[in-house]
Each structure stands twice: as structure tokens, then as C-alpha cells.
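Asks: For reference, the file start-v6.cif (mmCIF, C-alpha atoms) is included below:
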```
data_data
#
loop_
_atom_site.label_atom_id
_atom_site.label_comp_id
_atom_site.auth_asym_id
_atom_site.auth_seq_id
_atom_site.Cartn_x
_atom_site.Cartn_y
_atom_site.Cartn_z
CA MET A 140 137.92 67.45 85.55
CA ASP A 141 139.68 70.74 85.83
CA GLY A 142 137.47 73.28 87.47
CA ARG A 143 134.62 72.71 85.10
CA ASP A 144 131.27 74.26 85.81
CA ASN A 145 128.18 72.51 84.59
CA LYS A 146 128.44 74.10 81.20
CA LEU A 147 125.70 73.26 78.76
CA ILE A 148 127.12 71.34 75.87
CA ARG A 149 124.17 70.16 73.87
CA GLU A 150 120.65 71.38 73.73
CA GLU A 151 118.18 69.81 71.38
CA GLY A 152 114.74 71.16 70.81
CA THR A 153 111.98 68.58 70.53
CA GLU A 154 108.25 68.97 70.17
CA ILE A 155 107.64 68.63 73.89
CA GLY A 156 110.73 70.36 75.28
CA SER A 157 114.50 70.53 75.14
CA ILE A 158 117.21 68.00 76.05
CA LYS A 159 120.28 69.28 77.81
CA ILE A 160 123.48 67.30 78.37
CA SER A 161 126.22 68.81 80.48
CA ASP A 162 129.92 68.19 79.90
CA GLU A 163 130.07 66.57 83.35
CA VAL A 164 127.87 63.80 81.93
CA VAL A 165 130.25 63.21 79.02
CA ALA A 166 133.17 63.06 81.45
CA VAL A 167 131.42 60.53 83.69
CA ILE A 168 130.50 58.31 80.74
CA ALA A 169 134.08 58.44 79.46
CA GLY A 170 135.53 57.78 82.92
CA LEU A 171 133.31 54.76 83.53
CA ALA A 172 133.95 53.31 80.09
CA ALA A 173 137.70 53.67 80.54
CA SER A 174 137.86 52.15 84.00
CA GLU A 175 136.01 49.04 82.84
CA ILE A 176 138.79 48.08 80.44
CA PRO A 177 141.00 45.24 81.74
CA GLY A 178 144.47 46.58 82.39
CA VAL A 179 143.27 49.96 83.60
CA ALA A 180 144.00 50.15 87.33
CA GLY A 181 142.27 53.48 87.77
CA MET A 182 142.05 57.08 86.78
CA SER A 183 144.68 59.58 87.74
CA GLY A 184 143.11 62.49 89.60
CA THR A 185 143.34 66.25 89.34
CA LEU A 186 141.07 68.67 91.16
CA ALA A 187 138.47 65.92 91.09
CA GLY A 188 140.98 63.83 93.03
CA ILE A 189 141.17 66.48 95.69
CA ALA A 190 137.39 66.62 95.85
CA GLU A 191 137.46 62.86 96.36
CA LYS A 192 139.85 63.22 99.28
CA LEU A 193 137.40 65.63 100.83
CA GLY A 194 134.72 62.96 100.66
CA MET A 195 133.05 63.92 97.42
CA LYS A 196 133.30 60.96 95.10
CA SER A 197 133.87 62.02 91.52
CA MET A 198 133.13 59.67 88.66
CA ALA A 199 134.77 62.13 86.28
CA LYS A 200 138.18 61.84 87.90
CA GLY A 201 141.00 61.95 85.40
CA VAL A 202 138.83 63.06 82.50
CA LYS A 203 138.97 66.33 80.64
CA VAL A 204 136.46 67.03 77.93
CA GLU A 205 136.28 69.71 75.32
CA VAL A 206 132.95 70.03 73.64
CA GLY A 207 131.42 71.72 70.72
CA GLU A 208 127.85 71.64 69.48
CA ARG A 209 128.14 68.28 67.78
CA GLU A 210 131.64 67.06 68.54
CA THR A 211 133.75 66.34 71.56
CA ALA A 212 137.42 65.68 72.29
CA ILE A 213 138.37 63.76 75.39
CA ASP A 214 141.58 63.50 77.39
CA LEU A 215 141.90 60.61 79.82
CA TYR A 216 144.54 60.30 82.53
CA ILE A 217 144.93 56.66 83.50
CA ILE A 218 147.02 54.33 85.60
CA VAL A 219 147.67 50.92 84.08
CA GLU A 220 148.25 47.55 85.66
CA TYR A 221 151.77 46.18 85.63
CA GLY A 222 152.35 43.61 82.90
CA VAL A 223 149.93 44.87 80.29
CA ARG A 224 150.85 46.03 76.81
CA ILE A 225 150.24 49.76 77.15
CA PRO A 226 149.46 50.66 73.50
CA ASP A 227 146.88 47.85 73.34
CA VAL A 228 145.15 48.90 76.57
CA ALA A 229 145.17 52.55 75.49
CA SER A 230 143.72 51.64 72.13
CA GLU A 231 140.93 49.61 73.80
CA VAL A 232 140.22 52.56 76.07
CA GLN A 233 139.95 54.90 73.09
CA GLN A 234 137.50 52.61 71.32
CA ALA A 235 135.38 51.93 74.40
CA VAL A 236 135.15 55.63 75.30
CA LYS A 237 134.28 56.65 71.75
CA LYS A 238 131.59 54.00 71.54
CA ALA A 239 130.08 54.80 74.94
CA VAL A 240 130.01 58.58 74.49
CA GLU A 241 128.69 58.44 70.95
CA SER A 242 125.96 55.95 71.72
CA MET A 243 124.82 57.69 74.90
CA THR A 244 125.03 61.35 73.91
CA GLY A 245 124.89 61.41 70.13
CA LEU A 246 127.98 63.60 70.03
CA THR A 247 130.75 62.68 67.60
CA VAL A 248 133.98 61.88 69.39
CA VAL A 249 136.77 63.29 67.26
CA GLU A 250 139.70 62.51 69.54
CA VAL A 251 140.40 60.43 72.62
CA ASN A 252 143.87 61.17 73.96
CA VAL A 253 145.09 58.72 76.56
CA HIS A 254 147.73 59.87 79.02
CA VAL A 255 149.32 57.03 80.97
CA GLN A 256 150.36 58.61 84.25
CA GLY A 257 151.57 55.61 86.20
CA VAL A 258 151.71 51.87 86.78
CA HIS A 259 150.01 49.93 89.53
CA PHE A 260 151.90 47.03 91.05
CA PRO A 261 149.28 44.84 92.73
CA ALA A 262 151.43 42.83 95.14
CA GLU A 263 153.52 45.76 96.44
CA GLY A 264 151.75 46.37 99.74
CA LYS A 265 151.29 42.71 100.63
CA GLU A 266 154.97 41.92 100.23
CA GLU A 267 155.88 44.39 102.95
CA GLU A 268 153.06 43.45 105.26
CA ILE A 269 154.13 39.90 106.01
CA ARG A 270 157.73 39.78 107.09
CA VAL A 271 157.80 36.37 108.73
CA LYS A 272 155.46 33.44 109.05
CA MET B 30 159.18 71.51 91.86
CA ASN B 31 161.58 73.94 90.27
CA PHE B 32 164.15 76.17 91.98
CA VAL B 33 161.86 79.22 92.23
CA ASP B 34 159.05 77.21 93.84
CA ARG B 35 161.47 75.55 96.24
CA SER B 36 162.82 78.98 97.21
CA ILE B 37 159.28 80.28 97.76
CA LEU B 38 158.46 77.27 99.92
CA PHE B 39 161.63 77.75 101.96
CA LEU B 40 161.07 81.50 102.39
CA TYR B 41 157.44 81.06 103.38
CA GLY B 42 158.26 78.29 105.84
CA PHE B 43 161.17 80.23 107.33
CA VAL B 44 159.21 83.47 107.84
CA THR B 45 156.22 81.58 109.23
CA VAL B 46 158.41 79.74 111.74
CA ILE B 47 159.96 83.00 112.95
CA LEU B 48 156.57 84.69 113.23
CA LEU B 49 155.12 81.74 115.12
CA PHE B 50 158.11 81.71 117.45
CA CYS B 51 157.62 85.43 118.20
CA PHE B 52 153.92 84.84 118.73
CA MET B 53 154.65 82.05 121.20
CA LEU B 54 156.97 84.38 123.12
CA VAL B 55 154.24 87.05 123.16
CA VAL B 56 151.82 84.50 124.58
CA LEU B 57 154.41 83.69 127.27
CA GLY B 58 154.60 87.36 128.27
CA TRP B 59 157.06 89.11 125.93
CA HIS B 60 155.14 92.28 125.08
CA LEU B 61 157.77 94.17 123.10
CA PRO B 62 156.47 93.08 119.64
CA ILE B 63 152.96 94.25 120.56
CA ILE B 64 154.34 97.68 121.48
CA TYR B 65 156.25 97.82 118.18
CA ILE B 66 153.20 96.85 116.17
CA LYS B 67 151.05 99.42 118.03
CA ASN B 68 153.60 102.12 117.24
CA MET B 69 153.75 101.01 113.63
CA LEU B 70 150.01 101.42 113.24
CA PHE B 71 150.26 105.14 114.09
CA ASP B 72 152.98 105.80 111.52
CA VAL B 73 151.72 105.84 107.93
CA GLN B 74 155.04 104.82 106.39
CA LEU B 75 155.63 101.95 108.78
CA ARG B 76 152.05 100.87 108.37
CA THR B 77 152.51 100.76 104.59
CA ALA B 78 155.70 98.75 105.02
CA LEU B 79 153.94 96.30 107.34
CA PHE B 80 151.07 95.96 104.88
CA ALA B 81 153.48 95.32 102.02
CA PHE B 82 155.26 92.64 104.08
CA LEU B 83 151.97 90.94 104.96
CA LEU B 84 150.83 91.13 101.34
CA VAL B 85 154.04 89.44 100.15
CA LEU B 86 153.61 86.76 102.80
CA PHE B 87 150.00 86.28 101.75
CA LEU B 88 150.98 85.89 98.09
CA LEU B 89 153.73 83.44 98.98
CA GLY B 90 151.19 81.48 100.99
CA LEU B 91 148.81 81.42 98.05
CA ARG B 92 151.58 80.09 95.81
CA VAL B 93 152.31 77.33 98.35
CA VAL B 94 148.62 76.35 98.39
CA VAL B 95 148.52 76.23 94.58
CA LEU B 96 151.71 74.15 94.56
CA SER B 97 150.26 71.66 97.01
CA LEU B 98 147.18 71.19 94.83
CA LYS B 99 149.19 70.82 91.64
CA THR B 100 150.35 67.28 92.18
CA GLN B 101 148.97 65.41 89.25
CA HIS B 102 148.40 66.24 85.64
CA LYS B 103 151.52 68.21 85.33
CA ARG B 104 152.10 67.78 81.63
CA ASP B 105 155.29 66.01 82.49
CA LYS B 106 157.74 64.68 80.02
CA GLY B 107 156.88 61.52 78.24
CA ILE B 108 156.65 59.76 74.94
CA SER B 109 153.84 60.11 72.50
CA LEU B 110 152.52 57.26 70.39
CA GLU B 111 150.00 57.77 67.65
CA GLY B 112 146.82 55.83 68.29
CA GLU B 113 143.93 55.23 65.95
CA LEU B 114 141.63 57.70 67.68
CA GLY B 115 144.12 60.09 69.21
CA GLN B 116 147.44 60.30 70.96
CA ILE B 117 148.69 57.85 73.56
CA ASN B 118 151.07 59.59 75.94
CA VAL B 119 153.15 57.66 78.42
CA THR B 120 154.92 59.69 81.08
CA PHE B 121 158.58 59.19 81.94
CA ASP B 122 157.45 58.38 85.48
CA THR B 123 155.54 55.39 84.13
CA ILE B 124 158.50 54.14 82.09
CA THR B 125 160.85 54.68 85.02
CA ALA B 126 158.54 52.67 87.29
CA LEU B 127 158.47 49.81 84.77
CA ILE B 128 162.27 49.77 84.43
CA LYS B 129 162.71 49.83 88.21
CA ARG B 130 160.41 46.87 88.59
CA VAL B 131 162.04 44.80 85.86
CA ALA B 132 165.59 45.58 87.01
CA GLY B 133 164.75 44.97 90.65
CA LYS B 134 163.66 41.41 89.83
CA ILE B 135 167.14 40.40 88.69
CA PRO B 136 168.96 38.55 91.49
CA GLY B 137 171.74 40.56 93.09
CA VAL B 138 170.54 43.93 91.82
CA LYS B 139 169.70 46.46 94.51
CA GLU B 140 168.69 50.12 94.43
CA VAL B 141 167.79 50.78 90.83
CA ARG B 142 167.69 54.41 89.67
CA PRO B 143 166.73 54.80 86.00
CA VAL B 144 167.26 58.18 84.33
CA LEU B 145 165.55 58.57 80.98
CA GLN B 146 167.24 60.69 78.37
CA ALA B 147 166.34 61.82 74.89
CA TYR B 148 169.05 61.05 72.38
CA PRO B 149 169.03 62.08 68.69
CA GLU B 150 168.30 58.46 67.78
CA GLY B 151 165.47 58.13 70.30
CA LEU B 152 164.69 57.58 73.95
CA GLY B 153 167.43 56.03 76.04
CA VAL B 154 168.03 55.23 79.66
CA GLU B 155 170.89 55.25 82.10
CA VAL B 156 170.28 52.82 84.91
CA VAL B 157 172.28 53.44 88.06
CA VAL B 158 172.39 50.33 90.24
CA ARG B 159 174.02 48.86 93.29
CA VAL B 160 174.81 45.18 93.19
CA LEU B 161 175.53 42.58 95.79
CA PRO B 162 179.13 41.46 96.27
CA ASP B 163 180.40 38.21 94.62
CA LEU B 164 178.38 38.94 91.53
CA ASN B 165 179.65 38.86 87.99
CA ILE B 166 179.06 42.51 87.15
CA PRO B 167 179.47 42.36 83.33
CA GLU B 168 177.11 39.39 83.16
CA THR B 169 174.52 41.04 85.41
CA SER B 170 174.78 44.30 83.45
CA LYS B 171 174.22 42.45 80.20
CA ARG B 172 171.22 40.69 81.66
CA LEU B 173 169.85 44.00 82.90
CA GLN B 174 170.14 45.49 79.42
CA GLU B 175 168.44 42.51 77.82
CA GLU B 176 165.59 42.33 80.34
CA ILE B 177 164.89 46.08 80.21
CA ASN B 178 165.06 46.14 76.43
CA SER B 179 162.70 43.23 75.95
CA TYR B 180 160.20 44.37 78.60
CA ILE B 181 159.97 47.93 77.30
CA GLN B 182 159.60 46.65 73.76
CA GLU B 183 156.90 44.25 74.87
CA SER B 184 154.89 46.64 77.05
CA LEU B 185 155.34 49.92 75.18
CA GLY B 186 156.04 48.77 71.66
CA ILE B 187 159.10 51.00 71.40
CA LYS B 188 162.80 50.23 71.30
CA LEU B 189 165.11 52.10 73.64
CA SER B 190 167.98 53.59 71.67
CA ARG B 191 170.52 53.15 74.48
CA ILE B 192 170.56 51.32 77.78
CA LYS B 193 173.55 52.36 79.83
CA ILE B 194 174.19 50.50 83.05
CA LYS B 195 176.17 52.28 85.73
CA VAL B 196 177.17 50.19 88.71
CA GLU B 197 177.53 52.83 91.36
CA ASP B 198 178.48 50.78 94.36
CA ILE B 199 178.41 47.39 96.02
CA ALA B 200 175.39 46.97 98.27
CA GLN B 201 175.65 45.41 101.70
CA GLU B 202 173.80 42.14 101.94
CA LEU B 203 171.60 42.03 104.98
CA ARG B 204 171.53 38.66 106.67
CA PRO B 205 168.02 37.40 107.26
CA ARG B 206 167.00 37.55 110.89
CA VAL B 207 164.94 34.39 110.59
CA GLU B 208 165.19 31.23 108.56
#
```
Written as C-alpha cells, how would this file's structure read?
Replies:
Amino acid sequence: MDGRDNKLIREEGTEIGSIKISDEVVAVIAGLAASEIPGVAGMSGTLAGIAEKLGMKSMAKGVKVEVGERETAIDLYIIVEYGVRIPDVASEVQQAVKKAVESMTGLTVVEVNVHVQGVHFPAEGKEEEIRVK
Amino acid sequence: MNFVDRSILFLYGFVTVILLFCFMLVVLGWHLPIIYIKNMLFDVQLRTALFAFLLVLFLLGLRVVVLSLKTQHKRDKGISLEGELGQINVTFDTITALIKRVAGKIPGVKEVRPVLQAYPEGLGVEVVVRVLPDLNIPETSKRLQEEINSYIQESLGIKLSRIKIKVEDIAQELRPRVE
């Protein structure tokens, strides 16, 4: 996420207290849902990626959320596996993220924009490693 | 990185190298710069000039730090497909990587450099390649066009408007060192 503080995005008053959900939570849910889709090799990092390099693992890597009181819009930056059909994978990601965020937070997801930032070629490293047998 | 940023990086690196070199000489016993700096500190005008120089250097340094952090998420060029729940953007880098991979798999094709271009009729590509000698170049070029066209259509669902193949040179075939 890009320099996001733990901004309060949803506060619901109940009889015994209030429920607060931060935008970080929405980003983590979206990130996890997206990375579980077959064909997604990983999330493409931003400042969260730098935090990861410094040893702080971020589950919200490659996710940017914009939230209102009842609605949210999500931008996902992903890397796909080589050989997949990109529009299909992106569409699956959109559906999975919408479903996960809506069911877990109660917010309405109005938009899930998927940005494909790169392709992952699985065998690349191995090919170079072994030169002769 | 654009021209301005490259110039900033060069300037910052160049000035830093000179300053470090002077500092090393000071450490080795060359005291003239220290005397100059001491004199500067007593003169208000020179002190202001020195401060301005250091401020510029500091700002250039800050810009270099920001540049180094800004690696990903540049809203780089790409194509946009309309999805059911929002946009699906695919960067040119992604498409270029796919084309490189597909073209590189064709026997005899070496060093593939795809350059994507927007034409009035849609996205097109010029693929600059080197091929091995004793290869039928028109046939290989045709195969390249067909393979790239079908793979991009299959994986992205779009049709490239033009696929230009430019055979730049003949590559040298390296003989294997082992059987």
C-alpha cells in the first residue's frame, strides 16, 4: 500500500460497543484472495515491497484501497504466471477479491482494477543453473 | 528514468565523487581545503554561497533517494481491457516479456528486442531480432509473426494490428563446449 496510515474506514455502533475496520485489513484480505488464484505468481510491490526487503513482511503488498463509509474500490498490482490467459485470471481475481472483501467486511466493492505488472517464467533460473551433466 | 532524472543522478554522483576524493586527500594530509572552509565560515557571503551549494546537493540527494524507491507502480504504458468488475490493465513490460519468450523459443532466433507501438488501428509491435546463419530468413520471420500473433491473441485476447520483424544482424553460433 502506498504510505497508508491505519485510517479508520468503518465504524459501526452496536449495543455493547463499536466495530472498527482499518483499510489495512481490507488490503490484506484483497491481497490474500488475489494471491490464491491459480495463475497469479505474486503481488507486485510498492512501498510495502520496500518494507518487505527491510524484513517487515507485508500481506498488503501490491494492493491499494480507497474506502468510503459503505463502499470500497481496490487496485491490485499482480504478476501472472507464464502461459495463462490474462483476462481470465484477472477476471477471477476480481471476483474472488470482491467476494472476500464483501463477505468479511460488509463493505460493497464497487471496483476491482487489476494491473498486470509482469510475467513470471518458472523455469528461468533452473535453466541457467545446470550447464552440464 | 527520464533525461532530467538521469542528469540529476549524474550531477549528484559526479559532485559526490569529487567531494569524496578531496576528503580522502584531506585525510592523507592535504589541509588546504580545511583552511579554505575555515575562511569561508568567517565571510558571510561565502558562507551563504557554501550553504546554497550544500542545500542544492542535499536536494539532489533527496531526489536520488526518491528515484531509487520509485521502482514499481510507475503507471507505465499499457493496454486497458474492460473487465466485469473494473479495468484490467496490462503493462507494455508484460507484453514485451511475453513476446520475447515466444520469439526466443523459435529455433535459430537469438536476441529478441520487441518494441511496442500504438498505431491508429491498434497496438502493434516491431520485433528486432538476430538470427543464426544458414537460416531461411523470410520463413523464420513469417513463423515469428504467426507465433507472436497467436500467442498474444490467446493470452491477452487482443489482436496486434501490426507485427513488423526486423532482422538486425546474423548472430554467431557458439559451439557447445561439451557433447
Asks: When you look at range 253-262 of chain A with a cut-off of 9 Å (counting only C-alpha atoms), what residues show up, excluding the ones that are within fewer than 3 positions of it in the same chain? I need them as an NGL selection string.
Replies: (:A and (179-183 or 213-222 or 225 or 229-230 or 232-233 or 265-266)) or (:B and (101-102 or 109 or 112 or 115-124 or 126-127 or 130))
Asks: So for range 166-176 of chain A, what box centre and size do we get, axis-aligned, 8 Å extra on each of the six sides, every listed atom, Å to one decimal, as AutoDock Vina command-line options?
Replies:
```
--center_x 134.6 --center_y 55.6 --center_z 81.7 --size_x 24.3 --size_y 31.0 --size_z 20.5
```
Asks: Can you work out which one of B:Leu49, B:Leu83, B:Val95, B:Gly42 has the shortest atom-to-atom distance to chain A, counting all atoms listed in the file?
Replies: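 Smallest distance to chain A is found for B:Val95.
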Asks: Restricting the calculation to only C-alpha atoms: of A:Val228, A:Val223, A:Leu246, A:Val167, which residue gets closest to chain B?
Replies: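 Nearest candidate to chain B out of A:Val228, A:Val223, A:Leu246, A:Val167: A:Val223.
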Asks: Suppose you want the space between CA of Leu38 in chain B and CA of Pro143 in chain B; what is it in Å?
Replies: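 Atom-to-atom, CA of Leu38 in chain B to CA of Pro143 in chain B, that is 27.7 Å.
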